[in-house]
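my_file_10.tsv follows (TSV, C-alpha atoms and all ligand atoms):
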```
chain	number	residue	atom	x	y	z
A	1	MET	CA	352.21	-5.16	196.17
A	2	LYS	CA	349.49	-3.66	194.08
A	3	THR	CA	349.17	-0.53	196.27
A	4	ILE	CA	352.93	0.08	196.02
A	5	THR	CA	352.79	-0.02	192.20
A	6	ASN	CA	349.79	2.33	192.28
A	7	MET	CA	351.65	4.71	194.53
A	8	LYS	CA	354.71	4.63	192.26
A	9	ASN	CA	352.51	5.38	189.28
A	10	SER	CA	350.75	8.29	190.96
A	11	PHE	CA	354.18	9.69	191.94
A	12	ARG	CA	355.28	9.47	188.36
A	13	ILE	CA	352.10	11.12	187.08
A	14	ALA	CA	352.38	13.84	189.75
A	15	PHE	CA	356.03	14.38	188.83
A	16	VAL	CA	355.23	14.76	185.13
A	17	ILE	CA	352.40	17.22	185.87
A	18	VAL	CA	354.50	19.29	188.27
A	19	ALA	CA	357.48	19.26	185.88
A	20	SER	CA	355.33	20.41	182.94
A	21	ILE	CA	353.79	23.20	185.01
A	22	VAL	CA	357.24	24.34	186.15
A	23	MET	CA	358.59	24.30	182.61
A	24	VAL	CA	355.58	25.93	180.98
A	25	SER	CA	355.05	28.55	183.68
A	26	CYS	CA	358.54	30.00	183.15
A	27	PHE	CA	358.02	30.43	179.42
A	28	ASP	CA	357.35	33.98	178.36
A	29	SER	CA	356.41	34.16	174.69
A	30	SER	CA	357.45	37.82	174.49
A	31	LYS	CA	361.04	36.94	175.34
A	32	PRO	CA	363.51	34.71	173.52
A	33	ASN	CA	363.36	31.13	174.64
A	34	TYR	CA	366.14	29.32	176.45
A	35	GLN	CA	369.23	28.85	174.37
A	36	TYR	CA	370.74	25.49	175.17
A	37	MET	CA	373.81	26.03	173.01
A	38	PRO	CA	374.19	29.79	172.81
A	39	ASN	CA	377.28	29.56	170.65
A	40	MET	CA	375.06	28.18	167.91
A	41	TYR	CA	373.15	31.47	167.88
A	42	LYS	CA	375.67	34.07	168.94
A	43	PRO	CA	378.34	34.73	166.33
A	44	VAL	CA	381.95	34.67	167.39
A	45	SER	CA	382.83	37.30	164.79
A	46	TYR	CA	381.75	40.93	164.90
A	47	GLU	CA	378.40	41.62	163.35
A	48	THR	CA	377.97	44.19	160.62
A	49	TYR	CA	376.95	47.51	162.20
A	50	GLY	CA	377.25	45.89	165.65
A	51	GLU	CA	378.30	48.01	168.60
A	52	TYR	CA	381.59	46.93	170.13
A	53	GLU	CA	383.82	48.95	172.39
A	54	ILE	CA	386.95	47.68	170.69
A	55	PHE	CA	386.30	49.80	167.59
A	56	PRO	CA	387.05	53.51	167.51
A	57	GLY	CA	383.65	55.18	167.71
A	58	GLY	CA	382.18	52.00	169.20
A	59	LEU	CA	380.79	50.75	165.88
A	60	GLU	CA	381.89	47.82	163.78
A	61	ALA	CA	381.09	49.81	160.61
A	62	MET	CA	384.05	52.18	160.44
A	63	LEU	CA	384.86	54.85	157.90
A	64	PRO	CA	387.52	53.85	155.39
A	65	ALA	CA	391.07	54.87	156.26
A	66	GLU	CA	391.96	58.43	155.36
A	67	GLY	CA	393.05	58.78	151.76
A	68	THR	CA	391.06	55.72	150.63
A	69	ILE	CA	389.73	55.96	147.08
A	70	PRO	CA	387.02	53.82	145.49
A	71	ARG	CA	388.01	51.39	142.76
A	72	GLY	CA	388.20	53.06	139.37
A	73	TRP	CA	388.39	56.54	140.87
A	74	GLN	CA	390.68	58.94	139.09
A	75	PRO	CA	391.88	62.25	140.49
A	76	TYR	CA	390.40	65.33	138.88
A	77	ASP	CA	392.61	68.29	139.57
A	78	TYR	CA	390.57	71.22	138.28
A	79	PRO	CA	388.87	73.01	141.18
A	80	ASN	CA	385.14	73.64	141.28
A	81	THR	CA	385.47	77.36	140.52
A	82	THR	CA	385.00	79.65	137.51
A	83	GLU	CA	388.80	79.66	137.07
A	84	GLY	CA	388.76	75.83	137.21
A	85	LEU	CA	386.06	75.71	134.52
A	86	ASN	CA	387.91	78.18	132.30
A	87	LEU	CA	391.17	76.27	132.73
A	88	ALA	CA	389.45	72.95	131.89
A	89	LYS	CA	387.87	74.58	128.83
A	90	ALA	CA	391.25	75.82	127.68
A	91	GLU	CA	393.54	72.87	128.30
A	92	LEU	CA	391.68	69.66	129.20
A	93	ILE	CA	391.40	67.50	126.10
A	94	ASN	CA	389.26	64.44	125.46
A	95	PRO	CA	391.63	61.43	125.73
A	96	LEU	CA	389.05	59.15	124.16
A	97	MET	CA	389.34	57.98	120.60
A	98	VAL	CA	386.28	58.76	118.47
A	99	THR	CA	384.62	55.54	117.35
A	100	ASP	CA	381.12	54.65	116.23
A	101	LYS	CA	380.70	52.91	119.57
A	102	SER	CA	381.86	55.84	121.70
A	103	LEU	CA	379.55	58.20	119.80
A	104	ALA	CA	376.61	55.81	120.12
A	105	ASN	CA	377.20	55.37	123.87
A	106	GLY	CA	377.60	59.10	124.28
A	107	LYS	CA	374.26	59.73	122.57
A	108	GLN	CA	372.50	57.10	124.64
A	109	LEU	CA	373.85	58.50	127.93
A	110	TYR	CA	373.16	62.08	126.86
A	111	ASP	CA	369.54	61.22	126.04
A	112	ILE	CA	369.19	59.66	129.49
A	113	TYR	CA	370.90	62.28	131.64
A	114	CYS	CA	371.06	65.57	129.78
A	115	ALA	CA	368.32	65.79	127.14
A	116	LEU	CA	365.51	66.53	129.58
A	117	CYS	CA	367.03	69.98	130.11
A	118	HIS	CA	369.33	70.57	127.15
A	119	GLY	CA	367.08	68.99	124.50
A	120	VAL	CA	367.87	65.99	122.31
A	121	ASN	CA	369.63	68.27	119.82
A	122	GLY	CA	371.33	70.48	122.41
A	123	ASP	CA	369.40	73.67	121.67
A	124	GLY	CA	368.43	74.13	125.32
A	125	GLN	CA	364.78	73.20	124.69
A	126	GLY	CA	364.44	70.01	126.74
A	127	ILE	CA	361.09	68.76	128.01
A	128	LEU	CA	361.58	70.50	131.37
A	129	VAL	CA	362.15	73.80	129.57
A	130	GLN	CA	359.07	73.31	127.39
A	131	ARG	CA	357.01	72.63	130.50
A	132	GLU	CA	358.57	75.67	132.14
A	133	LYS	CA	359.99	73.65	135.02
A	134	ILE	CA	363.45	75.10	134.58
A	135	LEU	CA	364.88	78.23	133.02
A	136	GLY	CA	368.23	79.40	131.74
A	137	ILE	CA	369.33	76.30	129.83
A	138	PRO	CA	371.84	77.44	127.23
A	139	SER	CA	372.07	76.18	123.68
A	140	TYR	CA	375.42	74.51	123.01
A	141	ALA	CA	375.74	76.89	120.09
A	142	ASP	CA	375.52	79.91	122.42
A	143	PRO	CA	378.52	81.97	121.25
A	144	GLY	CA	379.09	83.36	124.74
A	145	ARG	CA	379.61	79.89	126.19
A	146	LEU	CA	382.70	78.58	124.43
A	147	ILE	CA	381.76	74.92	124.78
A	148	THR	CA	384.84	72.66	124.64
A	149	PRO	CA	385.26	68.98	125.53
A	150	GLY	CA	387.18	69.92	128.71
A	151	GLY	CA	384.41	72.30	129.76
A	152	ILE	CA	381.72	69.69	129.11
A	153	TYR	CA	383.68	67.20	131.23
A	154	HIS	CA	384.15	69.77	133.98
A	155	VAL	CA	380.45	70.65	134.34
A	156	GLN	CA	379.60	66.95	134.44
A	157	MET	CA	382.06	66.53	137.32
A	158	TYR	CA	380.84	69.44	139.42
A	159	GLY	CA	377.60	70.68	137.91
A	160	LEU	CA	377.07	74.40	137.29
A	161	ASN	CA	374.56	76.46	139.29
A	162	SER	CA	371.16	74.79	138.73
A	163	MET	CA	372.77	71.92	136.81
A	164	GLY	CA	373.76	69.06	139.12
A	165	SER	CA	376.92	66.96	139.14
A	166	TYR	CA	376.96	63.69	137.20
A	167	ALA	CA	380.14	62.42	138.83
A	168	SER	CA	378.33	59.66	140.71
A	169	GLN	CA	376.02	58.56	137.87
A	170	THR	CA	378.66	58.25	135.19
A	171	ASN	CA	382.29	57.12	135.11
A	172	GLU	CA	385.21	58.81	133.42
A	173	LEU	CA	384.76	56.89	130.17
A	174	GLU	CA	381.06	57.72	129.99
A	175	ARG	CA	381.64	61.43	130.68
A	176	TRP	CA	384.09	61.62	127.79
A	177	GLN	CA	381.67	59.76	125.52
A	178	ILE	CA	378.96	62.28	126.46
A	179	ALA	CA	381.44	65.10	125.75
A	180	GLN	CA	381.95	63.72	122.22
A	181	HIS	CA	378.22	63.65	121.62
A	182	VAL	CA	377.76	67.21	122.96
A	183	MET	CA	380.53	68.45	120.62
A	184	ASN	CA	378.65	66.81	117.75
A	185	LEU	CA	375.37	68.45	118.79
A	186	LYS	CA	377.15	71.80	118.89
A	187	ALA	CA	378.66	71.16	115.46
A	188	THR	CA	375.24	70.24	114.05
A	189	LEU	CA	373.67	73.40	115.50
A	190	GLU	CA	376.47	75.51	114.06
A	191	GLY	CA	376.67	73.64	110.76
A	192	THR	CA	380.33	72.72	111.22
A	193	PRO	CA	381.85	69.25	110.54
A	194	LEU	CA	381.13	66.39	112.95
A	195	LEU	CA	383.75	64.31	114.73
A	196	ALA	CA	384.98	61.63	112.36
A	197	PRO	CA	385.02	58.11	113.84
A	198	GLN	CA	388.45	56.51	113.54
A	199	SER	CA	388.23	53.06	112.04
A	200	THR	CA	391.89	52.15	112.40
A	201	VAL	CA	393.52	52.27	115.81
A	202	PRO	CA	396.52	54.63	115.77
A	203	THR	CA	399.86	53.17	116.88
A	204	GLU	CA	399.76	54.92	120.22
A	205	THR	CA	396.51	56.17	121.62
A	206	VAL	CA	394.96	56.69	124.98
A	207	ASN	CA	391.85	54.64	125.36
A	208	MET	CA	389.60	53.66	128.20
A	209	ASP	CA	389.29	50.46	130.09
A	210	THR	CA	385.57	49.83	129.67
A	211	ALA	CA	385.24	47.79	132.86
A	212	SER	CA	386.71	50.35	135.24
A	213	GLY	CA	386.09	53.44	133.13
A	214	ASN	CA	389.73	54.46	133.56
A	215	ALA	CA	391.96	55.93	130.93
A	216	VAL	CA	394.67	53.49	129.88
A	217	ALA	CA	397.50	53.93	127.41
A	218	GLU	CA	397.40	51.53	124.48
A	219	HIS	CA	400.59	50.80	122.55
A	301	LIG	C1	368.43	70.04	135.42
A	301	LIG	C2	368.72	70.50	134.09
A	301	LIG	C3	370.07	70.11	133.50
A	301	LIG	C4	370.51	68.86	133.20
A	301	LIG	C5	369.79	67.54	133.42
A	301	LIG	C6	371.81	69.03	132.61
A	301	LIG	N1	372.14	70.35	132.56
A	301	LIG	FE1	373.76	71.15	131.68
A	301	LIG	N2	373.17	73.00	132.20
A	301	LIG	C7	372.03	73.31	132.89
A	301	LIG	C8	371.98	74.72	133.18
A	301	LIG	C9	370.89	75.46	133.91
A	301	LIG	C10	373.17	75.26	132.63
A	301	LIG	C11	373.62	76.71	132.71
A	301	LIG	C12	374.35	76.87	134.02
A	301	LIG	C13	374.85	78.28	134.22
A	301	LIG	O1	375.64	78.74	133.40
A	301	LIG	O2	374.45	78.87	135.21
A	301	LIG	C14	373.87	74.15	132.02
A	301	LIG	C15	375.06	74.31	131.34
A	301	LIG	C16	375.70	73.28	130.68
A	301	LIG	C17	376.87	73.46	129.85
A	301	LIG	C18	377.56	74.76	129.54
A	301	LIG	C19	378.65	75.02	130.54
A	301	LIG	C20	379.45	76.24	130.19
A	301	LIG	O3	380.61	76.08	129.86
A	301	LIG	O4	378.90	77.33	130.29
A	301	LIG	C21	377.22	72.22	129.39
A	301	LIG	C22	378.37	71.88	128.48
A	301	LIG	C23	376.27	71.28	129.95
A	301	LIG	N3	375.36	71.95	130.72
A	301	LIG	C24	376.32	69.93	129.72
A	301	LIG	C25	375.44	69.03	130.32
A	301	LIG	C26	375.56	67.60	130.19
A	301	LIG	C27	376.64	66.90	129.40
A	301	LIG	C28	374.53	67.06	130.90
A	301	LIG	C29	374.23	65.58	131.13
A	301	LIG	C30	375.28	64.80	131.71
A	301	LIG	C31	373.75	68.14	131.45
A	301	LIG	N4	374.34	69.33	131.08
A	301	LIG	C32	372.60	67.98	132.17
A	301	LIG	C33	371.03	72.41	133.25
A	301	LIG	C34	371.10	71.05	133.10
```

Target format structure tokens, applied to this file:
Amino acid sequence: MKTITNMKNSFRIAFVIVASIVMVSCFDSSKPNYQYMPNMYKPVSYETYGEYEIFPGGLEAMLPAEGTIPRGWQPYDYPNTTEGLNLAKAELINPLMVTDKSLANGKQLYDIYCALCHGVNGDGQGILVQREKILGIPSYADPGRLITPGGIYHVQMYGLNSMGSYASQTNELERWQIAQHVMNLKATLEGTPLLAPQSTVPTETVNMDTASGNAVAEH
């Protein structure tokens, strides 16, 4: 009886040893381990940037449909040409009401984005000019320039020669606020009256939706 039990035990021990060797020997630490329930690991849905034949181009990340516009985007119809700039100077008007807040925001944004070239007071003597890093920055009072709100907006949209575009850094509202501040800098340089902030809201005025930066009509 005793020998039989001993034999059974040694079989068991042998089995456990062999089984462990079999299991351990197949494990390769450089490869992913066995997945017992693969659907717990592999997503059913398509993965971002995954490659799947079903998509045109074979990629899950597709371009937006043609004609798609980002939220808050407004069409700007003046072309990026000298004629476009001159037309914007002549006929594009600032739809934004002048308030203490719009002027203060305009100044803050101008000091961030524009002053390094144009100077805090718009005389074309920004820090980059003083350090001779850039040349040809005009003063806003330059009589040959004819600076108007529409022109200021236009050059922010497209840039002008060595000046870059600010269309992606600022929204429509902010560009018009900057335009107000630039007009005030020009007026200060020329000694003409500044824009007067309106304290009372006129009955019908175009204002801007601060969240989206879009122009909205207020009644
Ligand atoms: C990297 C330097 C630089 C920065 C920053 C810069 N500008 Fe300019 N800006 C220029 C240069 C250079 C010109 C002259 C371009 C030309 O006429 O060739 C110019 C011209 C202008 C003009 C005159 C356009 C005209 O009608 O002739 C305006 C207005 C203007 N910038 C506004 C701005 C505003 C507003 C900002 C900030 C949002 C800004 N600039 C930021 C370099 C800069």

Produce as a PDB file with C-alpha atoms, in the coordinates of the input the set of residues near ligand LIG 301 (chain A), where near means within 6 Å with all atoms listed in the file considered.
```pdb
ATOM      1  CA  TYR A 110     373.160  62.080 126.860  1.00  0.00           C
ATOM      2  CA  TYR A 113     370.900  62.280 131.640  1.00  0.00           C
ATOM      3  CA  CYS A 114     371.060  65.570 129.780  1.00  0.00           C
ATOM      4  CA  LEU A 116     365.510  66.530 129.580  1.00  0.00           C
ATOM      5  CA  CYS A 117     367.030  69.980 130.110  1.00  0.00           C
ATOM      6  CA  GLY A 136     368.230  79.400 131.740  1.00  0.00           C
ATOM      7  CA  ILE A 137     369.330  76.300 129.830  1.00  0.00           C
ATOM      8  CA  PRO A 138     371.840  77.440 127.230  1.00  0.00           C
ATOM      9  CA  ARG A 145     379.610  79.890 126.190  1.00  0.00           C
ATOM     10  CA  ILE A 147     381.760  74.920 124.780  1.00  0.00           C
ATOM     11  CA  GLY A 151     384.410  72.300 129.760  1.00  0.00           C
ATOM     12  CA  ILE A 152     381.720  69.690 129.110  1.00  0.00           C
ATOM     13  CA  GLN A 156     379.600  66.950 134.440  1.00  0.00           C
ATOM     14  CA  LEU A 160     377.070  74.400 137.290  1.00  0.00           C
ATOM     15  CA  ASN A 161     374.560  76.460 139.290  1.00  0.00           C
ATOM     16  CA  SER A 162     371.160  74.790 138.730  1.00  0.00           C
ATOM     17  CA  MET A 163     372.770  71.920 136.810  1.00  0.00           C
ATOM     18  CA  TYR A 166     376.960  63.690 137.200  1.00  0.00           C
ATOM     19  CA  ILE A 178     378.960  62.280 126.460  1.00  0.00           C
TER      20      ILE A 178
END
```

Set out as a Markdown table a contact list for stretch 146-176 of chain A and stretch 61-72 of chain A with a cut-off of 12 Å, giving each residue of stretch 146-176 of chain A that qualifies its closest atom pair and distance in Å to one decimal, counting only C-alpha atoms, ordered by chain and rising residue number.
```
| residue | atom | partner | partner_atom | distance |
| --- | --- | --- | --- | --- |
| A:Ser168 | CA | A:Pro70 | CA | 11.5 |
| A:Thr170 | CA | A:Gly72 | CA | 11.6 |
| A:Asn171 | CA | A:Gly72 | CA | 8.3 |
| A:Glu172 | CA | A:Gly72 | CA | 8.8 |
| A:Leu173 | CA | A:Gly72 | CA | 10.5 |
```

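Distance-wise, atom CA of A:Gly126 and atom CA of A:Leu146 end up 20.3 Å apart.
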
Open item on the list: I'd like to know which of A:Met157, A:Ser20, A:Glu60, A:Gln198 is closest to A:Thr48, using only C-alpha atoms.
Closed with: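 That would be A:Glu60, the residue with the smallest distance to A:Thr48.
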
TODO: Rank A:Tyr153, A:Tyr158, A:Tyr140, A:Tyr36 by their smallest atom-to-atom distance to A:Gln177, using all atoms listed in the file, and report the top residue only.
DONE: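 Of the candidates, the smallest distance to A:Gln177 is held by A:Tyr153.
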
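Considering the residues A:Met37, A:Leu59, A:Ile17, A:Val155 and counting all atoms listed in the file, A:Ala88 has its shortest atom-to-atom contact with A:Val155.
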
TODO: For atom CA of A:Leu103 and atom CA of A:Leu185, determine how far apart the two atoms are, in Å to one decimal place.
DONE: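 Taking atom CA of A:Leu103 as the start and atom CA of A:Leu185 as the end point, the length is 11.1 Å.
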
Task: Contacts of A:Asp100 at 10 Å (all atoms listed in the file; same-chain gap of 6+ positions) as a VMD selection string - done: chain A and resid 106 196 to 199

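With atom CA of A:Gln108 on one side and atom CA of A:Thr81 on the other, the separation reads 28.8 Å.
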